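Novice: Take this structure, written in structure tokens, and hold onto it; I'll ask about it next.
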Amino acid sequence: MENYIKIYQKWINSEELQNSDKNELLAIAGNDNEIKERFGMELAFGTAGMRGVLGMGTNRMNVFTVRRATKGLADYISGLGSEAMKKGVVIAYDTRRFSVEFAAECAGVLAANKINCYIFEDVRPVPMCSFAVRHLGATAGIMITASHNPKQYNGYKVYGADGAQMSPEATAEVVRFIEKADVFGIDRAAVLSKDDLKGKNGYKAGEYVTVIGKDVDEKYFEAISALSVSPDAVKKFGKKVKLVYTPLHGSGYMPVTSVLGRKGINVSVVREQALPDPDFSTVKVPNPEEQSALSLAIAQAEREGAGVVIGTDPDADRMGVALKTQSGYAVLTGNQIGVLMMDYILSSAKEQGKLPANAAVIKTIVSTNLANKVAGYYGATIFEVLTGFKFIGEKIKEWEQSGEYTYMFGFEESYGSLVGTHARDKDAVVAAMIFSEMVCKYESLGTTVTARLEELYAQFGYYCEKGASFVFEGLDGMDKMNAIMEKVRADFPDEIAGRQVEFKRDYLSGITRYADGAMENITLPKSNVIYFGLEGGDWICVRPSGTEPKLKIYVADSRESADKAAEANAAYLEAVKNAYIG
């Protein structure tokens, strides 16, 4: 990049900036650190798209970086030919600040490039975007969201024709086109306003823009309703169970309440968090894996005597759950949610005589090994993929083409899962439906979800998986993370917290090295991930986040009791932090 001060001046002098934009930049005049942080680099665009803090600058989410990214996507699609341009792009957006404005900008750029686009009339979640791409036979999809990040963030996800996040190869091509585009001077057709969209299902805005909504919604609800596992239990107990749901001011409210209503499942919604609020004013961070984010829902559950709390993040691809226990409400981990849902799906299929001989489950390499035990118990094959739901989507596509395995369920430890193949990304809407059905099923058996989790631990051992994230913001953040990763990559300790290291997988080099010196190739794609395998099946994994300036450490173990598992887990985490983070 050219000198960041020159880029800063170019932005200030641009006639395309509004007065408010210029004033924002003028306010940092003379603040070299702030100017460098905003203009010293460009917002990275990877397989998960781009995500960043809202504001003016090349390293910020704003209309200019959104237009440039869309121009790169448009040039990529144009290069695929007229048929790809005709099939077009689905555009969805959540409740965050500027989400609808960014979505409208995307439509404007695509239309100017004579590419058809289908933009939702109102907020819709990630799974409905993924579904719409597949349902409409589109070439690609754009989802404007920053998932569960704080309110000052927004982001831009891109999907391929299969409804999964765009492949690394296609992403590299899009990036190549983005790099050729100037941030200013990008042609756009007439940009739509919020009023042009809302309630305008089927409306044609010019030659290339179609507003979509209720027609696609209905097809989506039909698809996920067909995935029902225990319709009889739902019919008998759906009105009797007590559930509390919070969309955390996000896009999950309409689809989750709609599908549960159609199923006849009683649910009480946290009204303070039902309506869209880009400031997420009732929570510190709209992340349903945090107990604080679910505190209002838990308080409501206590008042109403509900045993289960369900929450979805702003783009409704992640679902959090809190269960009533003897000592209060406990927020489940993503691993616990995933294993409970997998156990329910597999056990129900087996009970009904519908479990295929080639049944398969997919999890990521940093998800619990309890899933391996449970899958094996039902005779299902489990597959491990790299972190990122696109890799689960790739497996589904592979099996659809080969017929070698039947996909039953996929999940990752970060609270994402997918039941069914209607979408190719995480779907918290169908997850909420299936989890609610599970509550009804166990109610019909005279037990609870909490009791079933304890049964799984008693049968297979107590598994504890925790982690820590270390934030490295600023222009030198990536350098610091890379230095730590190289330190981890160069090390092969004899033991960690008293447990022998049996092997180390370096997914970037593609090599597994064993303690005795033996080596073997890793068949998964290359990725900047280090995985230590310890005696007894325990493991530790270190990797940088693909969407945030964070280094993540995952630690997993199993013991004969919950207390011992937690104690061992804490010891591992402390040892790794001391050895590599400092």
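How things are named: the first chain in the structure tokens is A, the next is B, and so on; residues count from 1 in each chain; ligands count from 1 in the order shown.
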Please build the interface table for region 112-213 of chain A against region 41-65 of chain A with a cut-off of 7 Å, listing for each qualifying residue the nearest atom pair and the distance in Å to one decimal; count only C-alpha atoms, order rows by chain and increasing number, and write it as a Markdown table.
Specialist:
| residue | atom | partner | partner_atom | distance |
| --- | --- | --- | --- | --- |
| A:Ala146 | CA | A:Arg51 | CA | 6.2 |
| A:Gln152 | CA | A:Val53 | CA | 5.5 |
| A:Tyr153 | CA | A:Val53 | CA | 4.3 |
| A:Asn154 | CA | A:Arg51 | CA | 5.9 |
| A:Gly155 | CA | A:Arg51 | CA | 4.0 |
| A:Tyr156 | CA | A:Met50 | CA | 5.3 |
| A:Lys157 | CA | A:Gly49 | CA | 4.4 |
| A:Val158 | CA | A:Gly49 | CA | 5.8 |
| A:Gln165 | CA | A:Ala48 | CA | 6.7 |
| A:Met166 | CA | A:Thr47 | CA | 5.9 |
| A:Ser167 | CA | A:Thr47 | CA | 6.4 |
| A:Pro168 | CA | A:Thr47 | CA | 5.7 |
| A:Thr171 | CA | A:Thr47 | CA | 5.8 |
| A:Val175 | CA | A:Phe45 | CA | 6.8 |
| A:Val183 | CA | A:Phe64 | CA | 5.7 |
| A:Phe184 | CA | A:Phe64 | CA | 6.8 |
Novice: I need the chosen residues saved as a compact mmCIF listing (two decimals), in the first residue's frame, with all heavy atoms.
Specialist:
# COMPACT_ATOMS: atom_id res chain seq x y z
N ALA A 146 -21.96 -9.18 11.45
CA ALA A 146 -20.72 -9.41 12.19
C ALA A 146 -20.97 -10.47 13.25
O ALA A 146 -20.29 -10.49 14.27
CB ALA A 146 -20.21 -8.12 12.82
N GLN A 152 -20.01 -2.29 17.69
CA GLN A 152 -19.24 -1.41 16.80
C GLN A 152 -18.75 -2.11 15.54
O GLN A 152 -18.12 -1.51 14.70
CB GLN A 152 -18.05 -0.79 17.54
CG GLN A 152 -17.01 -1.75 18.05
CD GLN A 152 -17.25 -2.18 19.49
OE1 GLN A 152 -18.40 -2.28 19.92
NE2 GLN A 152 -16.18 -2.42 20.23
N TYR A 153 -19.07 -3.41 15.40
CA TYR A 153 -18.61 -4.19 14.25
C TYR A 153 -19.74 -4.41 13.24
O TYR A 153 -20.91 -4.39 13.57
CB TYR A 153 -18.13 -5.57 14.70
CG TYR A 153 -16.76 -5.59 15.32
CD1 TYR A 153 -16.56 -5.21 16.65
CD2 TYR A 153 -15.64 -6.02 14.61
CE1 TYR A 153 -15.31 -5.23 17.24
CE2 TYR A 153 -14.39 -6.05 15.18
CZ TYR A 153 -14.22 -5.65 16.50
OH TYR A 153 -12.98 -5.68 17.07
N ASN A 154 -19.32 -4.64 12.01
CA ASN A 154 -20.20 -5.24 11.00
C ASN A 154 -19.31 -6.05 10.07
O ASN A 154 -18.08 -6.01 10.18
CB ASN A 154 -21.03 -4.21 10.23
CG ASN A 154 -22.37 -4.78 9.81
OD1 ASN A 154 -22.50 -5.98 9.54
ND2 ASN A 154 -23.39 -3.94 9.75
N GLY A 155 -19.93 -6.82 9.19
CA GLY A 155 -19.14 -7.71 8.34
C GLY A 155 -19.86 -8.08 7.06
O GLY A 155 -21.00 -7.67 6.80
N TYR A 156 -19.16 -8.89 6.26
CA TYR A 156 -19.60 -9.18 4.89
C TYR A 156 -19.18 -10.62 4.59
O TYR A 156 -18.00 -10.91 4.44
CB TYR A 156 -18.89 -8.19 3.98
CG TYR A 156 -19.19 -8.19 2.51
CD1 TYR A 156 -19.83 -7.10 1.93
CD2 TYR A 156 -18.76 -9.21 1.67
CE1 TYR A 156 -20.05 -7.04 0.55
CE2 TYR A 156 -18.98 -9.16 0.31
CZ TYR A 156 -19.64 -8.08 -0.26
OH TYR A 156 -19.85 -8.02 -1.61
N LYS A 157 -20.15 -11.52 4.54
CA LYS A 157 -19.86 -12.92 4.22
C LYS A 157 -20.27 -13.21 2.78
O LYS A 157 -21.27 -12.67 2.30
CB LYS A 157 -20.64 -13.87 5.14
CG LYS A 157 -20.20 -13.89 6.59
CD LYS A 157 -21.03 -14.92 7.36
CE LYS A 157 -20.63 -14.99 8.82
NZ LYS A 157 -21.46 -15.98 9.57
N VAL A 158 -19.53 -14.10 2.13
CA VAL A 158 -19.86 -14.47 0.75
C VAL A 158 -20.08 -15.98 0.68
O VAL A 158 -19.31 -16.76 1.25
CB VAL A 158 -18.75 -14.06 -0.23
CG1 VAL A 158 -19.15 -14.43 -1.66
CG2 VAL A 158 -18.49 -12.56 -0.15
N GLN A 165 -20.06 -21.18 2.62
CA GLN A 165 -19.16 -20.04 2.46
C GLN A 165 -18.18 -20.34 1.34
O GLN A 165 -17.75 -21.48 1.15
CB GLN A 165 -18.43 -19.78 3.78
CG GLN A 165 -19.34 -19.18 4.84
CD GLN A 165 -18.60 -18.81 6.11
OE1 GLN A 165 -17.45 -18.43 6.08
NE2 GLN A 165 -19.27 -18.94 7.25
N MET A 166 -17.83 -19.32 0.61
CA MET A 166 -17.05 -19.48 -0.61
C MET A 166 -15.74 -20.22 -0.37
O MET A 166 -15.09 -20.04 0.67
CB MET A 166 -16.78 -18.10 -1.21
CG MET A 166 -16.18 -18.13 -2.59
SD MET A 166 -16.22 -16.50 -3.40
CE MET A 166 -17.85 -16.54 -4.15
N SER A 167 -15.36 -21.06 -1.30
CA SER A 167 -14.16 -21.88 -1.17
C SER A 167 -12.90 -21.01 -1.18
O SER A 167 -12.92 -19.88 -1.69
CB SER A 167 -14.08 -22.87 -2.33
OG SER A 167 -13.81 -22.19 -3.55
N PRO A 168 -11.79 -21.53 -0.63
CA PRO A 168 -10.53 -20.76 -0.65
C PRO A 168 -10.09 -20.38 -2.06
O PRO A 168 -9.58 -19.28 -2.28
CB PRO A 168 -9.54 -21.72 0.01
CG PRO A 168 -10.37 -22.59 0.89
CD PRO A 168 -11.67 -22.78 0.16
N THR A 171 -12.41 -17.63 -3.33
CA THR A 171 -12.12 -16.43 -2.54
C THR A 171 -10.86 -15.74 -3.04
O THR A 171 -10.81 -14.51 -3.15
CB THR A 171 -11.97 -16.78 -1.05
OG1 THR A 171 -13.20 -17.33 -0.57
CG2 THR A 171 -11.64 -15.54 -0.23
N VAL A 175 -10.56 -11.91 -4.28
CA VAL A 175 -9.58 -10.99 -3.70
C VAL A 175 -8.72 -10.36 -4.80
O VAL A 175 -8.40 -9.17 -4.75
CB VAL A 175 -8.70 -11.71 -2.67
CG1 VAL A 175 -7.51 -10.84 -2.26
CG2 VAL A 175 -9.52 -12.09 -1.44
N VAL A 183 -11.20 2.17 -4.41
CA VAL A 183 -12.24 2.30 -3.40
C VAL A 183 -13.27 3.38 -3.78
O VAL A 183 -14.42 3.34 -3.33
CB VAL A 183 -11.62 2.59 -2.01
CG1 VAL A 183 -11.13 4.02 -1.93
CG2 VAL A 183 -12.58 2.26 -0.89
N PHE A 184 -12.86 4.31 -4.63
CA PHE A 184 -13.77 5.36 -5.09
C PHE A 184 -14.08 5.18 -6.57
O PHE A 184 -13.38 4.47 -7.28
CB PHE A 184 -13.16 6.74 -4.85
CG PHE A 184 -12.90 7.05 -3.40
CD1 PHE A 184 -11.62 7.31 -2.95
CD2 PHE A 184 -13.94 7.07 -2.48
CE1 PHE A 184 -11.38 7.59 -1.61
CE2 PHE A 184 -13.71 7.34 -1.14
CZ PHE A 184 -12.43 7.59 -0.70
Novice: Which neighbours of Arg424 (chain A) fall inside 6 Å, counting only C-alpha atoms, when residues of the same chain fewer than 3 positions from it are skipped, and could you give them as a list in words?
Specialist: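 Non-adjacent residues within range: Gly163, Ala164 and Gly393 of chain A.
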Novice: Residues within 10 Å of Asn372 (chain A), please, as a ChimeraX atom specification. Count only C-alpha atoms; anything in the same chain fewer than 5 positions from it doesn't count.
Specialist: /A:339,361-363,367,377,380-384
Novice: DSSP on the backbone: which residues in region 360-541 of chain A end up as strand (DSSP E or B)? Give the answer as a PyMOL selection string.
Specialist: chain A and resi 360-364+381-385+406-412+416-418+462-471+495-496+499-506+511-514+519-521+530-534+539-541
Novice: Contacts of Ala468 (chain A) at 8 Å or less, counting only C-alpha atoms, minus same-chain residues fewer than 5 places along, as a list in words?
Specialist: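 Residues near the query, excluding close chain neighbours: Lys552, Ile553, Tyr554 and Leu573 of chain A.
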Novice: Assign secondary structure with DSSP using the backbone only, and return the residues of region 485-523 of chain A in alpha helix (DSSP H) as a list in words.
Specialist: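 Matching residues for alpha helix (DSSP H) in region 485-523 of chain A are Met485, Glu486, Lys487, Val488, Arg489 and Ala490 of chain A.
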Novice: Keeping only C-alpha atoms, write those residues as a PDB file, in the first residue's frame.
Specialist:
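Output file part.pdb follows:
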ATOM      1  CA  MET A 485       2.463 -19.493  16.330  1.00  0.00           C
ATOM      2  CA  GLU A 486       6.053 -19.942  15.163  1.00  0.00           C
ATOM      3  CA  LYS A 487       7.132 -20.501  18.767  1.00  0.00           C
ATOM      4  CA  VAL A 488       4.487 -23.200  19.163  1.00  0.00           C
ATOM      5  CA  ARG A 489       5.359 -24.673  15.769  1.00  0.00           C
ATOM      6  CA  ALA A 490       9.042 -25.045  16.669  1.00  0.00           C
TER       7      ALA A 490
END
Novice: Find the residue from A:Val174, A:Met254, A:Met408, A:Leu508 that sits nearest to Asn521 (chain A); use only C-alpha atoms when measuring.
Specialist: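 Looking only at the distances to Asn521 (chain A), the closest residue turns out to be A:Leu508.
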Novice: Can you list, as a ChimeraX atom specification, every protein, DNA or RNA residue that comes within 9 Å of Gly410 (chain A) when you count only C-alpha atoms, leaving out same-chain residues fewer than 4 positions away?
Specialist: /A:338,342,360-364,389,392,416-419,426
Novice: Extract, using only C-alpha atoms, all DNA, RNA and protein residues at most 12 Å from Glu574 (chain A), discarding same-chain residues fewer than 2 positions from it, and format them as an MDAnalysis selection string.
Specialist: chainID A and resid 466:468 496:497 540 553:555 567:572 576:582
